[in-house]
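Take a look at the structure below.
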Amino acid sequence: MSVDTVIVTGGASGVGRALVGRLLDADMTVITCDIDEPGLKSLADEHRGRPLDTHVTDVASHEECDAFMDRVLAAHPGVNGLVNNAGLYLGRPVQDYDDATIERVIAVNIKGPVWLSRRFAAHLLPAERRGTIVNLASVAGEVGSSDALYGTVKAGVIGLTKSNAMNFAPYIRVNVVSPGLIVNTAIADRIPDYRYAEYKRQEQLDGDILPEYVADVCAYLLSDRSRTLTGALLRADNGSYPR
């Protein structure tokens, strides 16, 4: 992989945790952050002795994002990969959201990736250094969601990807992964039963979508094998909702 030092947000569980392991197996240095301190500790214990740096960070906070990037860039000035994976899904219809929760969902899913991508690009572009950003969206951002706010923010992640692919060219490639229903995650546990059944009904391939499978797509986008891709959306959805 041309990328050798990668930031992965939301690394304590789900796709983020699977991707951390996948990248460490590829002999990369990984810096990850999460609000889940016990989850980060167990991740560090699992990979003890490997080049993994963990930070307790709330990506919904501009101040914490800046402090996190300050620490990362000081300790790992050669960082050349960023995966905006941290996300928040509450599984509510829009009428059940209060204003404070709306602001938090927008901050985690949209503002955090904006702040981190901006700092990452500001570190690489002045020196004309190459790098790669991978964002995590969702099928919900393409076809809608029973949680209208989640569908909205994930559509925003797709838009951010395409725009930053133009903003950061030709030095930083920016792509997005759009998963379907990923089992064994906090999001899957919150999806209403009728929507869970609809996701499964729409899948054209048999077998569940595991965090490790989505992590493989992210790893591909970080690698030279995807050297011609920027502004691209890759689906990891078992062919659900053909579009």
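By order in the structure tokens, chains are A, B, ...; within a chain, residues start at 1; ligands start at 1, following the order shown.
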**Request:** Fewer than 3 positions away in the same chain doesn't count, so skip those; otherwise give me all residues within 9 Å of Asn135 in chain A, counting only C-alpha atoms, as JSON, numbers by chain.
**Result:** {"A": [82, 83, 84, 85, 113, 157, 158, 160, 161, 174, 175, 176, 177, 178, 218]}
**Message:** Please identify the strand (DSSP E) residues within range 17-230 of chain A (assignment by DSSP from backbone atoms) and present them as a list in words.
**Reply:** Thr29, Val30, Ile31, Thr32, Cys33, Asp34, Leu52, Asp53, Thr54, His55, Val56, Gly81, Leu82, Val83, Asn84, Gly131, Thr132, Ile133, Val134, Asn135, Leu136, Ile172, Arg173, Val174, Asn175, Val176, Val177, Ser178 and Pro179 of chain A
**Request:** Fewer than 3 positions away in the same chain doesn't count, so skip those; otherwise give me all residues within 12 Å of Gly131 in chain A, counting only C-alpha atoms, as a ChimeraX atom specification.
**Result:** /A:1-7,78-83,117,120-125,127-128,134,165,168-175,221-224,227,230
Export, as an mmCIF file, in the first residue's frame, the selected residues with N, CA and C atoms.
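Everything below was put into part.cif:
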```
data_model
loop_
_atom_site.group_PDB
_atom_site.id
_atom_site.type_symbol
_atom_site.label_atom_id
_atom_site.label_comp_id
_atom_site.auth_asym_id
_atom_site.auth_seq_id
_atom_site.Cartn_x
_atom_site.Cartn_y
_atom_site.Cartn_z
ATOM 1 N N MET A 1 0.834 -1.190 0.000
ATOM 2 C CA MET A 1 0.000 0.000 0.000
ATOM 3 C C MET A 1 0.876 1.250 0.000
ATOM 4 N N SER A 2 0.514 2.229 -0.823
ATOM 5 C CA SER A 2 1.283 3.455 -0.863
ATOM 6 C C SER A 2 1.100 4.245 0.423
ATOM 7 N N VAL A 3 -0.089 4.154 1.007
ATOM 8 C CA VAL A 3 -0.346 4.783 2.294
ATOM 9 C C VAL A 3 0.267 3.904 3.368
ATOM 10 N N ASP A 4 0.983 4.507 4.305
ATOM 11 C CA ASP A 4 1.614 3.680 5.340
ATOM 12 C C ASP A 4 1.294 4.119 6.763
ATOM 13 N N THR A 5 0.718 5.305 6.931
ATOM 14 C CA THR A 5 0.353 5.785 8.267
ATOM 15 C C THR A 5 -1.045 6.378 8.181
ATOM 16 N N VAL A 6 -1.993 5.765 8.870
ATOM 17 C CA VAL A 6 -3.402 6.061 8.642
ATOM 18 C C VAL A 6 -4.113 6.419 9.941
ATOM 19 N N ILE A 7 -4.945 7.451 9.872
ATOM 20 C CA ILE A 7 -5.875 7.793 10.947
ATOM 21 C C ILE A 7 -7.201 7.095 10.653
ATOM 22 N N GLY A 78 4.457 11.971 9.088
ATOM 23 C CA GLY A 78 4.363 11.296 7.797
ATOM 24 C C GLY A 78 2.990 10.731 7.495
ATOM 25 N N VAL A 79 1.993 11.020 8.327
ATOM 26 C CA VAL A 79 0.654 10.465 8.102
ATOM 27 C C VAL A 79 0.166 10.823 6.704
ATOM 28 N N ASN A 80 -0.389 9.820 6.018
ATOM 29 C CA ASN A 80 -0.842 10.060 4.645
ATOM 30 C C ASN A 80 -2.159 9.365 4.314
ATOM 31 N N GLY A 81 -2.872 8.916 5.341
ATOM 32 C CA GLY A 81 -4.183 8.319 5.129
ATOM 33 C C GLY A 81 -5.153 8.740 6.218
ATOM 34 N N LEU A 82 -6.406 8.935 5.858
ATOM 35 C CA LEU A 82 -7.456 9.287 6.810
ATOM 36 C C LEU A 82 -8.719 8.531 6.439
ATOM 37 N N VAL A 83 -9.303 7.847 7.424
ATOM 38 C CA VAL A 83 -10.584 7.170 7.233
ATOM 39 C C VAL A 83 -11.584 7.775 8.206
ATOM 40 N N SER A 117 -10.756 16.342 7.684
ATOM 41 C CA SER A 117 -10.275 16.366 6.300
ATOM 42 C C SER A 117 -9.532 17.665 6.009
ATOM 43 N N PHE A 120 -6.114 17.499 7.695
ATOM 44 C CA PHE A 120 -5.300 16.517 6.977
ATOM 45 C C PHE A 120 -4.777 17.113 5.674
ATOM 46 N N ALA A 121 -5.669 17.733 4.908
ATOM 47 C CA ALA A 121 -5.265 18.322 3.632
ATOM 48 C C ALA A 121 -4.293 19.475 3.831
ATOM 49 N N ALA A 122 -4.522 20.272 4.866
ATOM 50 C CA ALA A 122 -3.627 21.407 5.130
ATOM 51 C C ALA A 122 -2.225 20.936 5.492
ATOM 52 N N HIS A 123 -2.109 19.725 5.988
ATOM 53 C CA HIS A 123 -0.798 19.170 6.320
ATOM 54 C C HIS A 123 -0.075 18.671 5.070
ATOM 55 N N LEU A 124 -0.810 18.087 4.123
ATOM 56 C CA LEU A 124 -0.181 17.472 2.958
ATOM 57 C C LEU A 124 -0.020 18.414 1.766
ATOM 58 N N LEU A 125 -1.041 19.209 1.486
ATOM 59 C CA LEU A 125 -1.057 19.939 0.214
ATOM 60 C C LEU A 125 0.059 20.964 0.046
ATOM 61 N N ALA A 127 3.052 20.874 0.841
ATOM 62 C CA ALA A 127 4.281 20.183 0.441
ATOM 63 C C ALA A 127 4.073 19.304 -0.787
ATOM 64 N N GLU A 128 2.858 19.366 -1.386
ATOM 65 C CA GLU A 128 2.511 18.545 -2.550
ATOM 66 C C GLU A 128 2.740 17.063 -2.285
ATOM 67 N N VAL A 134 -10.666 8.177 2.915
ATOM 68 C CA VAL A 134 -11.814 7.297 2.695
ATOM 69 C C VAL A 134 -12.900 7.700 3.685
ATOM 70 N N ALA A 165 -12.788 15.650 -3.353
ATOM 71 C CA ALA A 165 -11.988 15.043 -4.424
ATOM 72 C C ALA A 165 -11.524 16.117 -5.403
ATOM 73 N N PHE A 168 -8.986 18.736 -3.331
ATOM 74 C CA PHE A 168 -7.671 18.241 -2.931
ATOM 75 C C PHE A 168 -6.878 17.620 -4.075
ATOM 76 N N ALA A 169 -7.434 17.594 -5.275
ATOM 77 C CA ALA A 169 -6.717 17.026 -6.424
ATOM 78 C C ALA A 169 -5.540 17.936 -6.793
ATOM 79 N N PRO A 170 -4.471 17.380 -7.379
ATOM 80 C CA PRO A 170 -4.307 15.973 -7.726
ATOM 81 C C PRO A 170 -3.587 15.153 -6.658
ATOM 82 N N TYR A 171 -3.357 15.745 -5.501
ATOM 83 C CA TYR A 171 -2.464 15.090 -4.540
ATOM 84 C C TYR A 171 -3.173 14.128 -3.584
ATOM 85 N N ILE A 172 -4.419 14.422 -3.226
ATOM 86 C CA ILE A 172 -5.133 13.573 -2.267
ATOM 87 C C ILE A 172 -6.354 12.980 -2.945
ATOM 88 N N ARG A 173 -6.405 11.667 -3.001
ATOM 89 C CA ARG A 173 -7.597 10.993 -3.512
ATOM 90 C C ARG A 173 -8.635 10.913 -2.385
ATOM 91 N N VAL A 174 -9.913 11.119 -2.727
ATOM 92 C CA VAL A 174 -10.987 11.086 -1.743
ATOM 93 C C VAL A 174 -12.122 10.225 -2.294
ATOM 94 N N ASN A 175 -12.438 9.147 -1.597
ATOM 95 C CA ASN A 175 -13.478 8.217 -2.037
ATOM 96 C C ASN A 175 -14.380 7.859 -0.857
ATOM 97 N N LEU A 221 -9.336 1.023 -1.110
ATOM 98 C CA LEU A 221 -9.321 2.432 -1.484
ATOM 99 C C LEU A 221 -8.103 3.163 -0.936
ATOM 100 N N LEU A 222 -7.489 2.634 0.106
ATOM 101 C CA LEU A 222 -6.249 3.205 0.622
ATOM 102 C C LEU A 222 -5.027 2.763 -0.184
ATOM 103 N N SER A 223 -5.212 1.759 -1.007
ATOM 104 C CA SER A 223 -4.064 1.135 -1.666
ATOM 105 C C SER A 223 -3.848 1.678 -3.072
ATOM 106 N N ASP A 224 -2.674 1.372 -3.633
ATOM 107 C CA ASP A 224 -2.356 1.753 -5.005
ATOM 108 C C ASP A 224 -3.220 1.015 -6.027
ATOM 109 N N ARG A 227 -5.606 3.369 -7.608
ATOM 110 C CA ARG A 227 -4.899 4.623 -7.934
ATOM 111 C C ARG A 227 -5.665 5.522 -8.898
ATOM 112 N N THR A 230 -10.932 8.600 -7.664
ATOM 113 C CA THR A 230 -11.166 9.690 -6.717
ATOM 114 C C THR A 230 -12.564 10.224 -6.981
#
```
**Asked** Where in chain A does DSSP assign helix (DSSP H, G or I), given as a ChimeraX atom specification?
**Response** /A:14-25,37-46,62-75,94-96,99-127,140-143,148-167,186-190,193-202,211-222,224-226
List as a Markdown table every residue of range 125-232 of chain A that is in contact with range 17-25 of chain A, defined as an atom at most 9 Å from one of its atoms (using only C-alpha atoms), together with the nearest atom pair and the distance in Å rounded to one decimal, sorted by chain and then rising number.
```
| residue | atom | partner | partner_atom | distance |
| --- | --- | --- | --- | --- |
| A:Pro211 | CA | A:Ala18 | CA | 6.1 |
| A:Glu212 | CA | A:Ala18 | CA | 5.3 |
| A:Tyr213 | CA | A:Ala18 | CA | 8.7 |
| A:Val214 | CA | A:Leu19 | CA | 8.3 |
| A:Ala215 | CA | A:Leu19 | CA | 4.8 |
| A:Asp216 | CA | A:Leu19 | CA | 7.4 |
| A:Cys218 | CA | A:Leu19 | CA | 7.6 |
| A:Ala219 | CA | A:Leu23 | CA | 7.2 |
```
**Request:** Would you kindly return, as a list of chain:residue names, each protein, DNA or RNA residue with an atom no farther than 12 Å from any atom of Tyr194 in chain A, considering only C-alpha atoms and excluding same-chain residues fewer than 6 positions away?
**Result:** A:Gly91, A:Ser145, A:Ser146, A:Lys200, A:Arg201
**Item:** Among the residues A:Val15, A:Ala60, A:Ile102, A:Ala155, the one that comes closest to Ala140 in chain A [using only C-alpha atoms]
**Value:**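 Ranked by minimum distance to Ala140 in chain A, first place goes to A:Ala155.
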**Prompt:** Near Gly144 in chain A, within 10 Å and counting only C-alpha atoms, which residues show up once chain neighbours fewer than 6 positions away are dropped, as an NGL selection string?
**Reply:** :A and (138 or 150-152 or 154-155)
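Between Arg235 in chain A and the candidates A:Val143, A:Ala137, A:Ala107, A:Leu40, the tightest atom-to-atom separation, counting only C-alpha atoms, involves A:Ala137.
Note that the spacing between CA of Asp237 in chain A and CA of Tyr199 in chain A amounts to 9.3 Å.
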